[in-house]
$ cat coords-v7.cif   # mmCIF, C-alpha atoms
data_query
loop_
_atom_site.label_atom_id
_atom_site.label_comp_id
_atom_site.auth_asym_id
_atom_site.auth_seq_id
_atom_site.Cartn_x
_atom_site.Cartn_y
_atom_site.Cartn_z
CA MET A 1 0.00 0.00 0.00
CA THR A 2 1.44 3.37 -0.94
CA GLY A 3 1.76 6.14 1.61
CA ARG A 4 -1.05 8.15 0.04
CA VAL A 5 -3.60 5.32 0.05
CA ARG A 6 -2.61 4.42 3.58
CA ARG A 7 -3.16 7.98 4.83
CA TRP A 8 -6.64 8.07 3.28
CA ALA A 9 -7.56 4.69 4.79
CA LEU A 10 -6.31 5.92 8.15
CA ALA A 11 -8.22 9.20 7.92
CA ALA A 12 -11.44 7.34 7.01
CA GLY A 13 -10.96 4.87 9.88
CA LEU A 14 -10.21 7.57 12.45
CA ALA A 15 -13.17 9.69 11.31
CA GLY A 16 -15.49 6.66 11.49
CA THR A 17 -14.22 5.74 14.95
CA ALA A 18 -14.61 9.34 16.13
CA ALA A 19 -18.21 9.41 14.86
CA LEU A 20 -18.99 6.13 16.66
CA MET A 21 -17.39 7.48 19.85
CA VAL A 22 -19.53 10.62 19.75
CA ALA A 23 -22.64 8.50 19.15
CA ALA A 24 -21.72 6.22 22.07
CA GLY A 25 -20.84 9.23 24.24
CA THR A 26 -24.41 10.51 24.15
CA GLY A 27 -25.50 7.30 25.88
CA LEU A 28 -22.93 7.52 28.68
CA PRO A 29 -24.06 8.47 32.20
CA ARG A 30 -23.75 12.18 32.97
CA PHE A 31 -20.25 13.06 34.25
CA GLY A 32 -20.13 13.30 38.05
CA GLY A 33 -23.66 11.92 38.53
CA ASP A 34 -24.96 10.31 41.71
CA GLN A 35 -26.14 7.02 40.21
CA HIS A 36 -23.50 4.26 40.44
CA PRO A 37 -25.45 1.01 40.92
CA TYR A 38 -22.41 -1.28 40.68
CA GLY A 39 -20.31 1.02 42.84
CA ALA A 40 -22.97 1.19 45.56
CA ARG A 41 -23.26 -2.60 45.68
CA ALA A 42 -19.47 -3.06 45.68
CA VAL A 43 -19.14 -0.61 48.61
CA ALA A 44 -21.90 -2.41 50.56
CA ALA A 45 -20.26 -5.81 49.94
CA SER A 46 -16.85 -4.46 50.93
CA LEU A 47 -18.18 -3.10 54.25
CA ARG A 48 -19.92 -6.44 54.89
CA GLN A 49 -16.54 -8.17 54.42
CA GLN A 50 -14.84 -5.68 56.82
CA THR A 51 -12.47 -4.40 54.11
CA ALA A 52 -11.78 -0.65 54.43
CA ASN A 53 -10.15 -0.32 50.99
CA THR A 54 -13.07 -1.00 48.67
CA ILE A 55 -10.82 -1.34 45.62
CA SER A 56 -8.88 -4.19 47.26
CA SER A 57 -12.18 -5.83 48.16
CA VAL A 58 -13.29 -5.62 44.52
CA ASN A 59 -9.96 -6.94 43.21
CA PHE A 60 -9.18 -9.68 45.72
CA ASP A 61 -12.61 -10.71 47.01
CA GLN A 62 -15.54 -9.82 44.75
CA ARG A 63 -13.59 -10.18 41.48
CA ALA A 64 -10.76 -12.42 42.77
CA LEU A 65 -11.07 -14.77 39.80
CA ASP A 66 -10.53 -11.89 37.35
CA THR A 67 -7.42 -10.91 39.27
CA LEU A 68 -6.16 -14.49 38.88
CA GLY A 69 -6.50 -13.96 35.13
CA GLU A 70 -4.69 -10.62 35.36
CA GLU A 71 -1.88 -12.21 37.38
CA SER A 72 -1.60 -14.99 34.81
CA ILE A 73 -1.24 -12.41 32.02
CA LEU A 74 1.58 -10.85 34.03
CA PHE A 75 3.17 -14.27 34.55
CA GLY A 76 2.80 -15.19 30.87
CA SER A 77 4.29 -11.88 29.71
CA VAL A 78 7.30 -12.30 31.97
CA LEU A 79 7.76 -15.84 30.69
CA GLY A 80 7.53 -14.62 27.09
CA THR A 81 10.00 -11.81 27.70
CA VAL A 82 12.48 -14.17 29.35
CA VAL A 83 12.27 -16.52 26.37
CA LEU A 84 12.58 -13.69 23.82
CA LEU A 85 15.52 -12.00 25.53
CA ARG A 86 17.57 -15.11 26.32
CA GLN A 87 21.17 -15.23 25.27
CA THR A 88 21.44 -16.87 21.86
CA ARG A 89 24.30 -18.92 20.47
CA ASP A 90 25.96 -16.12 18.50
CA GLU A 91 25.93 -13.72 21.42
CA HIS A 92 28.30 -13.58 24.34
CA ARG A 93 28.39 -11.87 27.66
CA VAL A 94 30.86 -9.20 28.67
CA ARG A 95 31.27 -8.56 32.34
CA PRO A 96 30.39 -4.92 33.06
CA ARG A 97 33.25 -2.82 34.39
CA PRO A 98 32.97 -1.27 37.87
CA GLU A 99 31.73 2.27 37.48
CA ARG A 100 32.71 5.40 39.36
CA VAL A 101 29.64 6.98 40.96
CA PRO A 102 29.56 10.52 42.39
CA ALA A 103 29.58 10.42 46.20
CA ALA A 104 26.32 12.36 46.44
CA LEU A 105 24.53 9.84 44.20
CA ARG A 106 25.97 6.98 46.23
CA ARG A 107 24.69 8.51 49.48
CA TYR A 108 21.30 9.15 47.89
CA GLY A 109 20.98 5.53 46.78
CA ALA A 110 22.18 4.13 50.11
CA GLY A 111 19.82 6.36 52.08
CA LEU A 112 16.77 5.84 49.90
CA LEU A 113 17.05 2.07 49.35
CA PRO A 114 15.94 0.90 52.83
CA VAL A 115 13.25 3.58 53.02
CA THR A 116 11.82 2.60 49.62
CA LEU A 117 11.94 -1.09 50.53
CA LEU A 118 10.07 -0.40 53.77
CA ILE A 119 7.44 1.72 51.98
CA GLY A 120 6.94 -1.09 49.46
CA LEU A 121 6.40 -3.67 52.19
CA TYR A 122 4.05 -1.28 54.02
CA ILE A 123 1.97 -0.75 50.87
CA VAL A 124 1.65 -4.52 50.31
CA ALA A 125 0.78 -5.19 53.96
CA HIS A 126 -1.85 -2.42 54.19
CA GLY A 127 -3.61 -3.24 50.91
CA GLN A 128 -6.86 -4.06 52.72
CA LEU A 129 -6.82 -0.75 54.63
CA SER A 130 -5.37 2.08 52.58
CA PRO A 131 -4.71 2.75 48.89
CA GLY A 132 -2.20 0.24 47.57
CA GLY A 133 -1.80 -3.53 47.66
CA GLY A 134 0.28 -6.23 46.07
CA PHE A 135 0.52 -4.74 42.58
CA GLN A 136 1.55 -1.26 43.68
CA GLY A 137 3.77 -2.35 46.57
CA GLY A 138 5.48 -5.00 44.45
CA VAL A 139 6.60 -2.38 41.94
CA VAL A 140 7.91 -0.15 44.77
CA ILE A 141 9.92 -3.07 46.24
CA ALA A 142 11.45 -3.86 42.84
CA THR A 143 12.28 -0.15 42.39
CA ALA A 144 14.10 -0.16 45.74
CA LEU A 145 16.49 -2.89 44.57
CA HIS A 146 17.27 -0.95 41.40
CA LEU A 147 18.37 2.08 43.43
CA LEU A 148 21.51 0.00 43.89
CA TYR A 149 22.11 0.23 40.13
CA VAL A 150 21.71 4.01 40.31
CA GLY A 151 23.70 4.48 43.51
CA ALA A 152 26.44 1.92 42.85
CA ASP A 153 26.78 -0.06 39.60
CA TYR A 154 25.40 -3.05 37.72
CA ARG A 155 27.74 -5.52 39.44
CA ALA A 156 26.39 -4.48 42.84
CA LEU A 157 22.82 -5.01 41.60
CA GLU A 158 23.73 -8.43 40.25
CA ARG A 159 25.15 -9.49 43.60
CA ILE A 160 21.86 -8.93 45.47
CA ARG A 161 19.76 -10.25 42.60
CA PRO A 162 20.08 -14.00 42.17
CA LEU A 163 17.87 -14.30 39.08
CA GLY A 164 17.09 -17.99 39.55
CA LEU A 165 15.69 -17.26 43.01
CA PHE A 166 13.55 -14.37 41.75
CA GLU A 167 12.18 -16.53 38.93
CA LEU A 168 11.30 -19.18 41.52
CA VAL A 169 9.56 -16.59 43.74
CA ASP A 170 7.67 -15.29 40.72
CA GLY A 171 6.24 -18.75 40.07
CA SER A 172 5.60 -19.30 43.79
CA GLY A 173 3.55 -16.09 44.01
CA GLU A 174 1.37 -17.25 41.14
CA ALA A 175 1.06 -20.74 42.68
CA ALA A 176 0.19 -19.27 46.09
CA TYR A 177 -2.72 -17.34 44.56
CA VAL A 178 -4.06 -20.47 42.82
CA LEU A 179 -3.71 -22.56 46.01
CA LEU A 180 -5.33 -19.89 48.22
CA GLY A 181 -8.30 -20.08 45.85
CA GLY A 182 -8.42 -23.81 46.49
CA ALA A 183 -8.78 -23.12 50.23
CA GLY A 184 -12.26 -21.83 49.43
CA LEU A 185 -13.16 -25.20 47.91
CA LEU A 186 -11.76 -27.12 50.91
CA ALA A 187 -13.87 -24.97 53.23
CA GLY A 188 -16.96 -26.07 51.33
CA SER A 189 -17.48 -22.80 49.44
CA ALA A 190 -16.63 -21.54 45.96
CA TYR A 191 -13.16 -21.20 44.39
CA LEU A 192 -11.44 -18.01 45.69
CA ALA A 193 -14.35 -17.34 48.08
CA ASN A 194 -13.41 -15.25 51.12
CA VAL A 195 -13.78 -18.03 53.69
CA LEU A 196 -11.45 -16.74 56.42
CA PRO A 197 -12.87 -14.79 59.40
CA HIS A 198 -13.36 -11.18 58.26
CA GLY A 199 -11.81 -9.69 61.42
CA THR A 200 -12.29 -6.21 62.84
CA PHE A 201 -12.95 -3.35 60.44
CA ASN A 202 -9.98 -1.04 59.82
CA THR A 203 -7.35 -3.20 61.56
CA MET A 204 -4.46 -5.16 60.03
CA ALA A 205 -6.34 -8.42 60.63
CA SER A 206 -9.36 -7.66 58.48
CA GLY A 207 -10.62 -8.57 55.06
CA GLY A 208 -10.22 -12.36 55.40
CA THR A 209 -8.23 -13.66 52.42
CA VAL A 210 -7.60 -10.17 50.97
CA PRO A 211 -4.26 -9.55 52.76
CA LEU A 212 -3.06 -13.07 51.92
CA LEU A 213 -3.87 -12.70 48.23
CA ASN A 214 -2.21 -9.26 48.33
CA ALA A 215 0.95 -10.82 49.74
CA ALA A 216 0.97 -13.48 46.99
CA VAL A 217 0.52 -10.79 44.33
CA GLY A 218 3.18 -8.61 45.97
CA LEU A 219 5.68 -11.47 45.81
CA GLU A 220 4.90 -12.16 42.19
CA VAL A 221 4.92 -8.54 41.01
CA ALA A 222 8.13 -7.61 42.84
CA SER A 223 10.04 -10.57 41.40
CA ALA A 224 8.40 -10.21 37.98
CA VAL A 225 9.60 -6.59 37.67
CA VAL A 226 13.09 -7.59 38.85
CA VAL A 227 13.24 -10.44 36.30
CA LEU A 228 11.89 -8.25 33.47
CA LEU A 229 14.32 -5.39 34.15
CA ALA A 230 17.18 -7.87 34.57
CA HIS A 231 16.66 -9.22 31.06
CA PHE A 232 16.35 -5.77 29.49
CA LEU A 233 19.41 -4.49 31.40
CA ASP A 234 21.37 -7.60 30.39
CA GLN A 235 20.59 -6.85 26.75
CA ALA A 236 21.80 -3.28 27.15
CA ILE A 237 24.83 -3.87 29.33
CA GLU A 238 26.13 -7.43 29.16
CA ILE A 239 25.07 -9.22 26.00
CA THR A 240 26.89 -8.27 22.82
CA ASP A 241 26.03 -9.45 19.37
CA ASN A 242 28.89 -10.84 17.27
CA ARG A 243 27.15 -9.96 14.01
CA LYS A 244 26.72 -6.32 15.07
CA ALA A 245 30.49 -5.99 15.23
CA HIS A 246 30.81 -7.20 11.64
CA ARG A 247 28.06 -5.03 10.23
CA MET B 1 -20.11 20.92 35.81
CA THR B 2 -22.82 21.29 33.18
CA GLY B 3 -23.10 22.16 29.52
CA PRO B 4 -20.46 21.28 26.97
CA LEU B 5 -17.74 21.07 29.65
CA ALA B 6 -19.45 18.00 31.14
CA ALA B 7 -18.41 16.04 28.06
CA LEU B 8 -14.74 17.10 28.38
CA PRO B 9 -13.49 13.96 30.25
CA TYR B 10 -15.12 11.68 27.68
CA ALA B 11 -13.80 13.82 24.82
CA THR B 12 -10.31 13.62 26.36
CA ALA B 13 -10.50 9.81 26.37
CA ALA B 14 -11.64 9.77 22.74
CA TRP B 15 -8.90 12.21 21.70
CA LEU B 16 -6.18 10.17 23.47
CA PHE B 17 -7.43 7.03 21.72
CA LEU B 18 -7.45 8.62 18.26
CA ALA B 19 -4.06 10.30 18.77
CA GLY B 20 -2.54 6.99 19.84
CA VAL B 21 -3.97 5.10 16.85
CA TYR B 22 -2.76 7.85 14.50
CA GLY B 23 0.72 7.59 16.02
CA MET B 24 0.79 3.79 15.65
CA ALA B 25 -0.39 3.88 12.04
CA THR B 26 2.13 6.51 10.93
CA SER B 27 5.01 5.31 13.11
CA ARG B 28 8.46 4.88 11.54
CA ASN B 29 9.96 3.22 14.60
CA LEU B 30 8.64 0.19 16.49
CA VAL B 31 9.68 1.56 19.90
CA HIS B 32 7.66 4.69 19.08
CA ALA B 33 4.74 2.46 17.99
CA VAL B 34 4.79 0.63 21.35
CA GLY B 35 4.76 4.05 23.07
CA CYS B 36 1.74 5.03 20.96
CA LEU B 37 -0.02 1.83 22.02
CA SER B 38 0.48 2.92 25.64
CA VAL B 39 -1.06 6.31 24.80
CA THR B 40 -4.02 4.54 23.18
CA GLN B 41 -4.43 2.41 26.24
CA SER B 42 -4.23 5.34 28.63
CA SER B 43 -7.46 6.59 27.04
CA THR B 44 -9.20 3.67 28.74
CA TYR B 45 -7.96 4.85 32.16
CA VAL B 46 -9.43 8.30 31.54
CA LEU B 47 -12.72 6.81 30.33
CA LEU B 48 -13.02 4.41 33.29
CA LEU B 49 -12.26 7.05 35.91
CA ALA B 50 -14.59 9.55 34.21
CA VAL B 51 -17.45 7.02 34.28
CA GLY B 52 -16.87 6.40 38.00
CA TYR B 53 -16.59 10.05 39.07
CA ARG B 54 -19.21 11.39 41.43
CA ARG B 55 -19.37 15.07 42.32
CA GLY B 56 -18.41 15.92 45.91
CA ALA B 57 -17.39 12.32 46.69
CA THR B 58 -14.09 11.10 48.11
CA ALA B 59 -11.87 8.07 47.39
CA PRO B 60 -13.52 4.69 48.09
CA VAL B 61 -11.28 3.97 51.09
CA PHE B 62 -12.88 4.02 54.53
CA SER B 63 -9.80 3.83 56.76
CA ASP B 64 -10.03 7.51 57.72
CA VAL B 65 -13.56 8.60 56.77
CA PRO B 66 -16.93 7.44 58.16
CA THR B 67 -18.64 4.75 56.11
CA SER B 68 -21.56 7.06 55.38
CA VAL B 69 -19.70 9.56 53.15
CA PRO B 70 -20.34 9.35 49.41
CA VAL B 71 -17.46 7.79 47.46
CA VAL B 72 -16.63 7.50 43.77
CA ASP B 73 -17.27 4.17 42.00
CA PRO B 74 -14.65 1.62 43.20
CA VAL B 75 -15.46 -0.92 40.47
CA VAL B 76 -14.02 1.18 37.64
CA GLN B 77 -11.00 2.07 39.79
CA ALA B 78 -10.29 -1.64 40.26
CA LEU B 79 -10.69 -2.10 36.50
CA ALA B 80 -8.22 0.74 35.88
CA LEU B 81 -5.70 -1.04 38.13
CA THR B 82 -6.11 -4.25 36.11
CA ASP B 83 -5.76 -2.18 32.96
CA ILE B 84 -2.48 -0.60 34.09
CA VAL B 85 -0.93 -3.94 35.12
CA VAL B 86 -1.86 -5.66 31.87
CA GLY B 87 -0.72 -2.61 29.87
CA ALA B 88 2.69 -2.52 31.55
CA THR B 89 3.37 -6.24 31.05
CA VAL B 90 2.21 -6.25 27.44
CA THR B 91 4.45 -3.22 26.79
CA ALA B 92 7.40 -5.17 28.21
CA LEU B 93 6.62 -8.16 26.00
CA LEU B 94 6.29 -5.96 22.89
CA LEU B 95 9.56 -4.17 23.63
CA ALA B 96 11.27 -7.58 23.96
CA LEU B 97 9.90 -8.43 20.52
CA VAL B 98 11.29 -5.14 19.17
CA VAL B 99 14.72 -6.04 20.56
CA GLN B 100 14.49 -9.36 18.68
CA VAL B 101 13.33 -7.65 15.47
CA ASP B 102 16.29 -5.29 15.64
CA LYS B 103 18.66 -8.23 16.13
CA GLY B 104 17.18 -10.25 13.28
CA HIS B 105 16.64 -7.49 10.71
CA GLY B 106 18.94 -4.67 11.78
CA THR B 107 16.09 -2.15 11.63
CA VAL B 108 13.05 -1.13 13.69
CA ASP B 109 11.32 0.77 10.86
CA PRO B 110 8.10 -1.16 10.12
CA ASP B 111 8.19 -0.03 6.47
CA GLU B 112 11.53 -1.78 5.97
CA LEU B 113 10.24 -5.03 7.48
CA SER B 114 8.26 -6.05 4.42
CA GLU B 115 9.87 -9.39 3.65
CA LEU B 116 9.66 -12.51 5.79
CA LYS B 117 12.89 -13.91 7.07
CA GLY B 118 13.11 -17.39 8.56
#
$ encode --input "coords-v7.cif" --output "structure tokens"
Amino acid sequence: MTGRVRRWALAAGLAGTAALMVAAGTGLPRFGGDQHPYGARAVAASLRQQTANTISSVNFDQRALDTLGEESILFGSVLGTVVLLRQTRDEHRVRPRPERVPAALRRYGAGLLPVTLLIGLYIVAHGQLSPGGGFQGGVVIATALHLLYVGADYRALERIRPLGLFELVDGSGEAAYVLLGGAGLLAGSAYLANVLPHGTFNTMASGGTVPLLNAAVGLEVASAVVVLLAHFLDQAIEITDNRKAHR
Amino acid sequence: MTGPLAALPYATAAWLFLAGVYGMATSRNLVHAVGCLSVTQSSTYVLLLAVGYRRGATAPVFSDVPTSVPVVDPVVQALALTDIVVGATVTALLLALVVQVDKGHGTVDPDELSELKG
């Protein structure tokens, strides 16, 4: 297809989509309105289950099976990325040289790493109470480890990042979620049903299975981000292509 | 908010979607195309949060407010979270594919990738 034909096809497609969007937009609820039937029911169910953070209740209790699907997409993507970015036969690894880092940057990394790690763990642990949870906290934990790459160098990051272990934890997090769902069946209820005691509202021990599922997701997300970034960083820093040198 | 301004959040979502699709279709670089896909996807966040907004309401978290206060729709917020996670992982997978395309073909311009190579 020539450039000219392609631009016309694109313009027609975009105009058609825009027209459909405007037509659909007239049927949308008024912005900022008071009527949210699903929201009202989700809030009522969340309060019944003693979960202060309604969004966690929706994700890990009312729609826990959907979150299993979401987690599996994450797991599958990481798996796919690991396979795509593996070291092939005509590539070899060069060990990265130690880098000189400005003292101020080094202090910044060293000071911020433990704080960031703690915040990440806090966000995972308080998913049933305050905004956050396994997905958000997991990313913060993985970010904390990579402050070592900013504050020191890649060799330092590699020392605290045994990839095999993180890949194992990634799989374990996914498995833990699946098995926790099975606990619902053993208790004589539905798969992923919230069968644990719901506890006292607005305390750490509330929400039944919500904090446990959050912990499983936190494990998986933290190690998934570490594994993903490790493979991208390896491509950029360590793996060199023999053919590139010849080209 | 009434009148034409009430449609602004929905219009923003539509505009983000169209701008992202335009970018993808005219892209000359696969990394740029993956970025445009993220822009397209971010239109869904805007749409979801706009649908769930409720005037004068607070966040649907009851750890520091009484359970009687009006809150915005938590269902669409949970959907937006799912959306973000799936978007981030799919972006990672696509970027890994781009790395492989660059290795195999020596280019990331989609127009130069016309022939199949086994």
$ atom_distance --input "coords-v7.cif" --atom1 "CA of Glu238 in chain A" --atom2 "CA of Leu168 in chain A"
22.6 Å
$ interface_residues --input "coords-v7.cif" --of "chain A" --to "chain B" --cutoff "8 Å" --atoms "only C-alpha atoms" --output "number ranges by chain"
A: 10, 14, 18, 21, 25, 28-34, 36, 38-40, 42-43, 52-56, 58-59, 67, 70, 73-74, 77-78, 80-81, 84-85, 129-131, 135, 202, 228, 232
$ closest_residue --input "coords-v7.cif" --among "A:Val83, A:Ala224, A:Ala103, A:Leu20" --to "Leu165 in chain A" --atoms "only C-alpha atoms"
A:Ala224
$ residues_near_point --input "coords-v7.cif" --point "(-1.4, -15.6, 45.6)" --cutoff "10 Å" --atoms "all atoms listed in the file" --output "count of residues only"
28
$ atom_distance --input "coords-v7.cif" --atom1 "CA of Gly182 in chain A" --atom2 "CA of Asn194 in chain A"
10.9 Å
$ residues_around --input "coords-v7.cif" --residues "range 93-97 of chain A" --least-positions-apart "6" --cutoff "8 Å" --atoms "only C-alpha atoms" --output "PyMOL selection string"
chain A and resi 154-155+237-240
$ atom_distance --input "coords-v7.cif" --atom1 "CA of Gly138 in chain A" --atom2 "CA of Val124 in chain A"
7.0 Å
